[in-house]
>>> print(open('my_file_38.txt').read())   # compact mmCIF, C-alpha atoms
# COMPACT_ATOMS: atom_id res chain seq x y z
CA MET A 1 63.89 6.25 -36.20
CA ASN A 2 66.57 5.04 -33.83
CA THR A 3 69.51 6.69 -32.10
CA GLN A 4 71.88 5.49 -34.81
CA SER A 5 69.94 7.32 -37.54
CA ASP A 6 69.31 10.33 -35.29
CA PRO A 7 72.05 10.60 -32.65
CA LEU A 8 70.86 14.10 -31.73
CA ASN A 9 67.32 12.82 -31.08
CA LEU A 10 65.80 15.48 -33.33
CA ALA A 11 62.36 14.27 -34.38
CA TRP A 12 62.38 16.47 -37.49
CA LEU A 13 65.37 14.65 -39.05
CA PRO A 14 64.34 11.89 -41.45
CA ALA A 15 65.88 8.47 -40.86
CA ALA A 16 66.64 8.12 -44.58
CA GLY A 17 66.34 10.13 -47.76
CA VAL A 18 64.76 13.57 -47.88
CA GLN A 19 61.47 14.67 -46.34
CA LEU A 20 59.57 17.93 -46.48
CA ARG A 21 58.91 19.66 -43.15
CA LYS A 22 56.21 22.28 -42.73
CA ALA A 23 57.61 25.71 -41.90
CA GLY A 24 56.52 27.22 -38.61
CA VAL A 25 56.42 23.97 -36.65
CA GLN A 26 59.99 23.28 -35.51
CA PHE A 27 61.69 25.98 -37.59
CA ASP A 28 61.44 28.34 -40.55
CA ALA A 29 64.04 28.77 -43.28
CA VAL A 30 65.69 31.53 -45.22
CA ARG A 31 66.62 30.39 -48.73
CA VAL A 32 69.41 32.11 -50.64
CA ASP A 33 68.86 31.34 -54.32
CA ASP A 34 72.37 32.31 -55.42
CA GLY A 35 74.19 29.18 -54.28
CA GLU A 36 77.70 30.58 -54.46
CA TRP A 37 76.71 33.59 -52.36
CA GLY A 38 74.76 31.34 -49.98
CA ARG A 39 77.73 29.03 -49.41
CA ARG A 40 80.07 31.98 -48.79
CA LEU A 41 77.50 33.38 -46.36
CA ALA A 42 77.22 30.04 -44.52
CA ASP A 43 81.00 29.82 -44.21
CA ARG A 44 81.17 33.42 -42.94
CA LEU A 45 78.55 32.61 -40.30
CA ALA A 46 80.60 29.55 -39.31
CA GLU A 47 83.66 31.77 -38.83
CA MET A 48 81.61 34.19 -36.73
CA THR A 49 80.20 31.41 -34.52
CA GLY A 50 83.27 29.28 -33.93
CA GLY A 51 82.25 26.68 -36.50
CA ASP A 52 78.64 26.18 -35.36
CA PRO A 53 76.36 28.52 -37.33
CA GLY A 54 73.35 26.23 -36.94
CA PRO A 55 71.86 23.88 -39.56
CA VAL A 56 72.49 24.85 -43.18
CA ILE A 57 71.42 22.77 -46.18
CA GLU A 58 72.84 23.14 -49.67
CA VAL A 59 71.45 21.93 -52.99
CA ALA A 60 73.88 20.60 -55.63
CA SER A 61 71.65 20.98 -58.70
CA GLY A 62 69.50 23.60 -60.38
CA ARG A 63 69.82 26.98 -58.69
CA ARG A 64 72.14 25.42 -56.08
CA CYS A 65 70.31 27.31 -53.36
CA VAL A 66 71.20 27.26 -49.66
CA TYR A 67 68.68 26.90 -46.80
CA PHE A 68 69.40 28.41 -43.38
CA LEU A 69 67.16 26.85 -40.71
CA VAL A 70 66.07 29.55 -38.25
CA PRO A 71 63.74 29.51 -35.22
CA ALA A 72 60.04 29.42 -36.13
CA GLY A 73 58.53 32.91 -36.44
CA SER A 74 61.89 34.69 -36.18
CA THR A 75 61.89 36.20 -39.68
CA ASP A 76 58.68 38.19 -39.28
CA HIS A 77 58.79 41.99 -39.31
CA LEU A 78 62.43 42.12 -40.42
CA PRO A 79 63.63 43.54 -43.74
CA TRP A 80 65.27 40.97 -46.03
CA PRO A 81 67.16 41.42 -49.32
CA ALA A 82 65.21 40.65 -52.49
CA GLU A 83 67.61 37.76 -53.27
CA VAL A 84 66.32 35.61 -50.41
CA THR A 85 63.05 33.80 -49.80
CA ARG A 86 61.54 33.37 -46.35
CA LEU A 87 59.88 29.99 -45.87
CA THR A 88 57.42 30.54 -43.06
CA ALA A 89 53.89 29.72 -41.98
CA VAL A 90 51.52 32.64 -42.42
CA PRO A 91 47.75 32.79 -42.88
CA ALA A 92 46.70 31.40 -46.29
CA ARG A 93 50.24 30.24 -47.13
CA VAL A 94 52.12 27.08 -46.27
CA SER A 95 55.82 26.57 -46.98
CA TYR A 96 57.74 23.30 -46.92
CA ILE A 97 61.45 22.88 -46.33
CA PRO A 98 63.39 19.88 -47.73
CA ILE A 99 65.37 18.14 -44.97
CA PRO A 100 67.99 15.47 -45.77
CA ALA A 101 68.85 12.61 -43.44
CA LEU A 102 72.13 12.98 -41.58
CA ASP A 103 73.88 9.93 -43.00
CA ASP A 104 72.16 8.74 -46.16
CA MET A 105 72.33 9.26 -49.90
CA THR A 106 70.31 12.46 -50.24
CA TRP A 107 71.70 14.01 -53.43
CA PRO A 108 71.14 16.77 -54.46
CA LEU A 109 70.62 17.92 -50.86
CA SER A 110 73.33 17.78 -48.21
CA TRP A 111 74.24 19.38 -44.91
CA ARG A 112 76.77 22.17 -45.26
CA TYR A 113 76.54 22.55 -41.47
CA ARG A 114 74.78 19.76 -39.61
CA PRO A 115 72.44 20.28 -36.67
CA THR A 116 74.43 20.06 -33.42
CA ALA A 117 71.87 20.29 -30.62
CA HIS A 118 68.15 20.30 -29.92
CA GLY A 119 66.79 23.85 -30.42
CA ARG A 120 70.03 25.11 -32.03
CA PHE A 121 69.26 26.99 -35.24
CA VAL A 122 70.89 29.76 -37.27
CA HIS A 123 70.63 33.03 -35.34
CA THR A 124 68.20 35.09 -37.44
CA ARG A 125 69.54 38.56 -36.68
CA LEU A 126 73.13 37.43 -37.24
CA LEU A 127 72.09 35.95 -40.60
CA ARG A 128 70.24 39.13 -41.53
CA SER A 129 73.20 41.28 -40.56
CA ALA A 130 75.57 39.11 -42.62
CA LEU A 131 73.19 39.22 -45.59
CA HIS A 132 72.99 43.01 -45.50
CA SER A 133 76.75 43.49 -45.06
CA ALA A 134 77.44 41.18 -48.00
CA GLU A 135 75.24 43.09 -50.47
>>> encode(input="my_file_38.txt", output="structure tokens")
Amino acid sequence: MNTQSDPLNLAWLPAAGVQLRKAGVQFDAVRVDDGEWGRRLADRLAEMTGGDPGPVIEVASGRRCVYFLVPAGSTDHLPWPAEVTRLTAVPARVSYIPIPALDDMTWPLSWRYRPTAHGRFVHTRLLRSALHSAE
């Protein structure tokens, strides 16, 4: 990987295509399976954060789900709506998160909101609050 394929110098971004990343290493994810609701939620978070909600991935086929990348371990011990899935690392369970390259053909995955800085993820409590207020 070079600086052209990863200008943010984020080791977890693939240089090309899509790669699976193990949850709990660099980040976890919250997946909203209702894609329309997930996209509205991502856009609401963008409004609340001045256009930088943190990295959000959308899927253009199937369930059209939306992945919100959150700090590793930040979803534990918090109540979540039944319509979302937490992708985390816990004993006896491993989750993988599909990550598209920044500038490559990665259909059906794409960045709704691209990563902007090292260590910058979706704020978990803000996401949770937005999820609960949108129910």
>>> closest_residue(input="my_file_38.txt", among="A:Arg114, A:Arg93, A:Arg40, A:His123", to="Ala72 in chain A", atoms="all atoms listed in the file")
A:His123
>>> closest_atom_pairs(input="my_file_38.txt", of="range 21-105 of chain A", to="range 10-17 of chain A", cutoff="8 Å", atoms="only C-alpha atoms", output="JSON lines")
{"residue": "A:Arg21", "atom": "CA", "partner": "A:Trp12", "partner_atom": "CA", "distance": 7.4}
{"residue": "A:Gln26", "atom": "CA", "partner": "A:Trp12", "partner_atom": "CA", "distance": 7.5}
{"residue": "A:Ile99", "atom": "CA", "partner": "A:Leu13", "partner_atom": "CA", "distance": 6.9}
{"residue": "A:Pro100", "atom": "CA", "partner": "A:Gly17", "partner_atom": "CA", "distance": 5.9}
{"residue": "A:Ala101", "atom": "CA", "partner": "A:Pro14", "partner_atom": "CA", "distance": 5.0}
{"residue": "A:Leu102", "atom": "CA", "partner": "A:Leu13", "partner_atom": "CA", "distance": 7.4}
{"residue": "A:Asp103", "atom": "CA", "partner": "A:Ala16", "partner_atom": "CA", "distance": 7.6}
{"residue": "A:Asp104", "atom": "CA", "partner": "A:Ala16", "partner_atom": "CA", "distance": 5.8}
{"residue": "A:Met105", "atom": "CA", "partner": "A:Gly17", "partner_atom": "CA", "distance": 6.4}
>>> atom_distance(input="my_file_38.txt", atom1="CA of Ala42 in chain A", atom2="CA of Arg120 in chain A")
15.2 Å
>>> closest_residue(input="my_file_38.txt", among="A:Leu8, A:Ala29, A:Ala23, A:Leu127", to="Ile57 in chain A", atoms="all atoms listed in the file")
A:Ala29
>>> atom_distance(input="my_file_38.txt", atom1="CA of Pro108 in chain A", atom2="CA of Arg44 in chain A")
22.6 Å
>>> atom_distance(input="my_file_38.txt", atom1="CA of Arg39 in chain A", atom2="CA of Tyr67 in chain A")
9.7 Å
>>> closest_residue(input="my_file_38.txt", among="A:Ala92, A:Asp34, A:Thr124, A:Val25", to="Ser61 in chain A", atoms="only C-alpha atoms")
A:Asp34
